[in-house]
Amino acid sequence: MLVELGHFALILAFIVAVVQMIVPFWGAARANRAWMAVGEPAALLQLLLVGFSFAALIYAFVTSDFSLRLVVLNSHTAKPMLYKVAGVWGNHEGSMLLWVLILAVFGGAAAVFGGNLPASLRARVLAVQAAIGVAFYAFILWTSNPFVRLVSPPMNGEDLNPLLQDPGLAFHPPFLYLGYVGLSMAFSFAVAALLEGRVDAAWGRWVRPWTLAAWIFLTIGIALGSWWAYYELGWGGFWFWDPVENASFMPWLIAGALLHSAIVVEKREALKSWTILLAILAFGFSLIGTFLVRSGVITSVHAFANDPERGVFILVILAIFMGGALTLFAVRAAAMEAKGVFSLVSRESALVVNNILLVVACLVVFIGTIWPLVAEAFWGRKLSVGAPFFNAAFTPFFILIAVVLPIGTLMAWKRARLKPVLKRLRPALLLAFAVAALAFALQTGRSALAPVGLALAVWLVCGSLADLGSKLGQNRDFKRVLRLPRADWGRAVSHGGLGVTIAGIAGMMAWQTEDIRVAQIGERFDVAGYSVTLARVERVEGPNYLSTMATMEVTRNGRAVATLYPEKRSYPVAQMPTTEAAIDNGFWRDLYLVIGDAQAGGGFAVRTYVKPLANWIWLGCLIMALGGGLSLSDRRYRVAAGQRRAAAPGPKGVPAQ
């Protein structure tokens with residue numbers, strides 16, 4: 001009964017979304033406040049309905065209701081409870097329901113926290129948000145209904161993909177969707193502004209927190225996915241340039257450019273057209289990612305669907321929203337007159353350079369991702385674009401971004417002088433060169449990746465400190481730094497976090513040691529100064545899997561370092577093996593051990609890695625997300641709402657005190 005109610009609630013949410021799309025939009029066009037006011041309760045009602053629908057689906061998975069087709073295909077009674085819940089979004093239909101739930105959450109948040117917006121702009125934002133919802137509700141109900149019943153339910157299910165039965169993958173999709181779908185708010189604000197014909201400093205201030213929230217969630221989601229790939233797949237890498245990895249990375253890059261561009265709109269009322277275009281493109285790349293995952297055009301562990309009908313439906317949605325928004329942009333862009341004038345050497349110019357580099361880097365990733373599909377569709381050629389292309393084509397642009405960031409943050413608005421900025425950054429530059437020289441001296445016969453990467457990392461971190469130091473004033477008042485707006489702290493922390501991540505990537509890729517061998521039980525071997533002993537191998541039974549577990553003892557100079565237990569698991573229901581790496585995590589390095597199959601001549605395949613600075617990659621991502629959170633908590637985002645409440649009239653027209 002609850003499942004039927006969930007299905008009915010989903011249909012009602014679709015109907016409410018249609019009302020929310022039409023009535024407030026028409027009210028804004030007619031300046032009818034009563035019709036515009038329909039948007040807020042409609043958004044909240046839609047959120048309640050789709051939330052109930054999602055809760056009903058969770059209930060079906062938790063109770064193992066095998067009369068529901070989706071539960072049969074993605075669950076099993078022996079599966080741990082966490083993965084029963086994660087199974088709700090570990091498939092195409094359930095993940096799309098999560099997609100529209102998050103869309104409704106952002107729409108509801110705009111209704112609740114959008115009191116400082118002009119009534120017509122808020123109505124149009126909610127209407128555009130509802131229009132996106134209508135498209136995806138239709139997609140779910142017509143092609144991807146999660147509430148399809150079976151006439152003859154089986155006694156048990158087919159289990160979830162074993163690779164997805166992992167804590168990292170349980171939380172990775174929700175965070176990614178919060179980022180993907182969160183960019184719909186920037187898109188809605190952009191289209192609403194084009195319809196209004198007005199983009200000003202207030203618009204830049206309104207759109208920034210929504211974009212920043214989406215960017216934070218994307219950062220966490222990408223980091224979780226990278227971390228999962230590192231320890232779960234057993235190959236020891238953190239990024240494969242998989243098309244679905246790229247699908248999340250592209251909107252992250254564009255969202256970063258949008259954040260920087262919105263600052264210029266807010267501070268200087270310049271770059272208006274550019275900012276609107278970035279808002280459209282950010283959500284456009286999110287839709288492209290949705291198409292790649294669900295169209296069947298690629299093969300990946302991340303890909304959910306392989307039904308061309310679904311892919312065509314999403315392609316139509318992409319064409320309608322992107323085509324419509326870009327057409328509207330072409331018609332109205334000339335009206336977005338920039339008021340702020342700035343010189344070639346200024347913070348505005350540095351932000352423009354930063355944005356161009358981010359967009360070009362995104363286009364490089366997009367071309368590398370989509371080119372094999374284009375080549376096969378038009379010329380019948382099967383091509384593979386892998387890490388060598390992306391590393392060679394993407395890295396130079398990101399190096400330039402890292403070089404420009406500290407310089408841009410220290411420049412003055414409107415007109416700046418480069419010499420004083422470089423003087424402030426001289427210690428950072430000298431330290432960066434010193435670290436590069438030290439890294440080059442320590443390594444012999446290796447690439448320049450580590451020296452260059454570590455130099456850039458030091459440059460970014462020290463540049464962030466210089467940014468905070470520039471706020472001390474002539475009296476060197478350190479208390480003044482503590483009183484800085486949180487947005488200033490957030491900027492410095494995020495840029496420093498990027499430096500930490502770059503250091504981790506450079507150290508891990510340049511200095512990693514790898515050893516692959518067949519080891520006999522009891523055999524000891526040496527890798528990069530560590531002695532590893534394969535002590536024993538035994539069969540272990542888990543809750544829903546069978547495991548071949550090794551016990552491996554690691555020592556260094558005769559002292560015990562760690563005892564690790566890598567596994568090779570087999571899931572009988574799904575009939576699929578997985579590799580569970582054993583990792584001794586450390587601040588300076590990771591010891592990474594993988595046990596393989598038993599060999600015909602005796603012994604087991606063993607892979608051993610020593611990965612310097614590996615955890616700095618994800619530490620830097622967390623620092624970036626923390627910086628975004630600090631910026632998001634800046635009270636200046638709430639000033640307009642506070643002023644509006646303060647100005648609200650009291651009884652009989654008396655201003656509120």
# chains A, B, ... in the order shown; residues from 1 in each chain; ligands from 1
>>> residues_around(residues="region 13-24 of chain A", least_positions_apart="4", cutoff="7 Å", atoms="only C-alpha atoms", output="list in words")
Ala9, Ala28, Trp35, Met36, Ala37, Val38, Gly39, Ala42, Ala43, Gln46, Leu49, Val50, Ala123, Arg124, Ala127, Val128, Ala130, Ala131, Gly133, Val134 and Tyr137 of chain A
>>> write_last_selection(atoms="N, CA and C atoms", output="PDB file, in the first residue's frame")
ATOM      1  N   ALA A   9       2.055   9.799  -5.076  1.00  0.00           N
ATOM      2  CA  ALA A   9       2.664  11.072  -4.680  1.00  0.00           C
ATOM      3  C   ALA A   9       3.579  11.601  -5.779  1.00  0.00           C
ATOM      4  N   ALA A  28       4.170  36.712 -13.284  1.00  0.00           N
ATOM      5  CA  ALA A  28       5.269  37.666 -13.459  1.00  0.00           C
ATOM      6  C   ALA A  28       5.103  38.453 -14.748  1.00  0.00           C
ATOM      7  N   TRP A  35      -0.811  35.578  -8.378  1.00  0.00           N
ATOM      8  CA  TRP A  35      -0.360  34.429  -9.179  1.00  0.00           C
ATOM      9  C   TRP A  35       1.124  34.145  -8.945  1.00  0.00           C
ATOM     10  N   MET A  36       1.918  35.220  -8.809  1.00  0.00           N
ATOM     11  CA  MET A  36       3.349  35.013  -8.530  1.00  0.00           C
ATOM     12  C   MET A  36       3.542  34.303  -7.199  1.00  0.00           C
ATOM     13  N   ALA A  37       2.679  34.583  -6.235  1.00  0.00           N
ATOM     14  CA  ALA A  37       2.808  34.011  -4.899  1.00  0.00           C
ATOM     15  C   ALA A  37       2.520  32.511  -4.870  1.00  0.00           C
ATOM     16  N   VAL A  38       1.948  31.979  -5.936  1.00  0.00           N
ATOM     17  CA  VAL A  38       1.664  30.537  -5.997  1.00  0.00           C
ATOM     18  C   VAL A  38       2.962  29.722  -5.995  1.00  0.00           C
ATOM     19  N   GLY A  39       4.038  30.325  -6.465  1.00  0.00           N
ATOM     20  CA  GLY A  39       5.297  29.584  -6.607  1.00  0.00           C
ATOM     21  C   GLY A  39       5.812  29.010  -5.298  1.00  0.00           C
ATOM     22  N   ALA A  42       3.662  26.042  -3.899  1.00  0.00           N
ATOM     23  CA  ALA A  42       3.761  24.944  -4.866  1.00  0.00           C
ATOM     24  C   ALA A  42       5.117  24.251  -4.746  1.00  0.00           C
ATOM     25  N   ALA A  43       6.189  25.031  -4.578  1.00  0.00           N
ATOM     26  CA  ALA A  43       7.524  24.439  -4.441  1.00  0.00           C
ATOM     27  C   ALA A  43       7.618  23.582  -3.184  1.00  0.00           C
ATOM     28  N   GLN A  46       5.477  20.412  -3.649  1.00  0.00           N
ATOM     29  CA  GLN A  46       6.190  19.473  -4.534  1.00  0.00           C
ATOM     30  C   GLN A  46       7.281  18.742  -3.765  1.00  0.00           C
ATOM     31  N   LEU A  49       5.744  16.037  -1.535  1.00  0.00           N
ATOM     32  CA  LEU A  49       5.231  14.894  -2.295  1.00  0.00           C
ATOM     33  C   LEU A  49       6.356  14.002  -2.803  1.00  0.00           C
ATOM     34  N   VAL A  50       7.370  14.603  -3.411  1.00  0.00           N
ATOM     35  CA  VAL A  50       8.459  13.772  -3.948  1.00  0.00           C
ATOM     36  C   VAL A  50       9.293  13.196  -2.801  1.00  0.00           C
ATOM     37  N   ALA A 123       9.484  34.583  -8.715  1.00  0.00           N
ATOM     38  CA  ALA A 123       8.460  33.804  -9.418  1.00  0.00           C
ATOM     39  C   ALA A 123       9.039  33.135 -10.655  1.00  0.00           C
ATOM     40  N   ARG A 124       9.855  33.865 -11.404  1.00  0.00           N
ATOM     41  CA  ARG A 124      10.438  33.293 -12.617  1.00  0.00           C
ATOM     42  C   ARG A 124      11.474  32.212 -12.276  1.00  0.00           C
ATOM     43  N   ALA A 127       9.576  29.182 -11.408  1.00  0.00           N
ATOM     44  CA  ALA A 127       8.928  28.631 -12.599  1.00  0.00           C
ATOM     45  C   ALA A 127       9.919  27.866 -13.464  1.00  0.00           C
ATOM     46  N   VAL A 128      11.114  28.419 -13.647  1.00  0.00           N
ATOM     47  CA  VAL A 128      12.139  27.718 -14.439  1.00  0.00           C
ATOM     48  C   VAL A 128      12.562  26.436 -13.729  1.00  0.00           C
ATOM     49  N   ALA A 130      10.746  24.666 -11.785  1.00  0.00           N
ATOM     50  CA  ALA A 130       9.654  23.706 -11.961  1.00  0.00           C
ATOM     51  C   ALA A 130       9.640  23.129 -13.368  1.00  0.00           C
ATOM     52  N   ALA A 131      10.001  23.941 -14.364  1.00  0.00           N
ATOM     53  CA  ALA A 131      10.036  23.439 -15.741  1.00  0.00           C
ATOM     54  C   ALA A 131      11.054  22.307 -15.885  1.00  0.00           C
ATOM     55  N   GLY A 133      11.900  20.363 -13.454  1.00  0.00           N
ATOM     56  CA  GLY A 133      11.258  19.253 -12.767  1.00  0.00           C
ATOM     57  C   GLY A 133      10.229  18.553 -13.631  1.00  0.00           C
ATOM     58  N   VAL A 134       9.419  19.308 -14.356  1.00  0.00           N
ATOM     59  CA  VAL A 134       8.398  18.716 -15.227  1.00  0.00           C
ATOM     60  C   VAL A 134       9.045  17.775 -16.238  1.00  0.00           C
ATOM     61  N   TYR A 137      10.265  14.651 -14.289  1.00  0.00           N
ATOM     62  CA  TYR A 137       9.141  13.829 -13.831  1.00  0.00           C
ATOM     63  C   TYR A 137       8.575  13.033 -15.004  1.00  0.00           C
TER      64      TYR A 137
END
>>> select_by_dssp(residues="region 394-576 of chain A", states="alpha helix (DSSP H)", output="NGL selection string")
:A and (394-410 or 418-424 or 426-442 or 449-469 or 478-482 or 486-511)
>>> atom_distance(atom1="CA of Ala78 (chain A)", atom2="CA of Tyr59 (chain A)")
16.4 Å
>>> closest_residue(among="A:Pro396, A:Gly469, A:Gly627, A:Gly114", to="Ile216 (chain A)", atoms="only C-alpha atoms")
A:Gly627
>>> residues_around(residues="Gln129 (chain A)", least_positions_apart="3", cutoff="8 Å", atoms="only C-alpha atoms", output="list in words")
Met21, Leu103, Gly107, Val125, Leu126, Ile132, Gly133, Ser184, Met185 and Ser188 of chain A
>>> atom_distance(atom1="CA of Val105 (chain A)", atom2="CA of Ile222 (chain A)")
20.9 Å
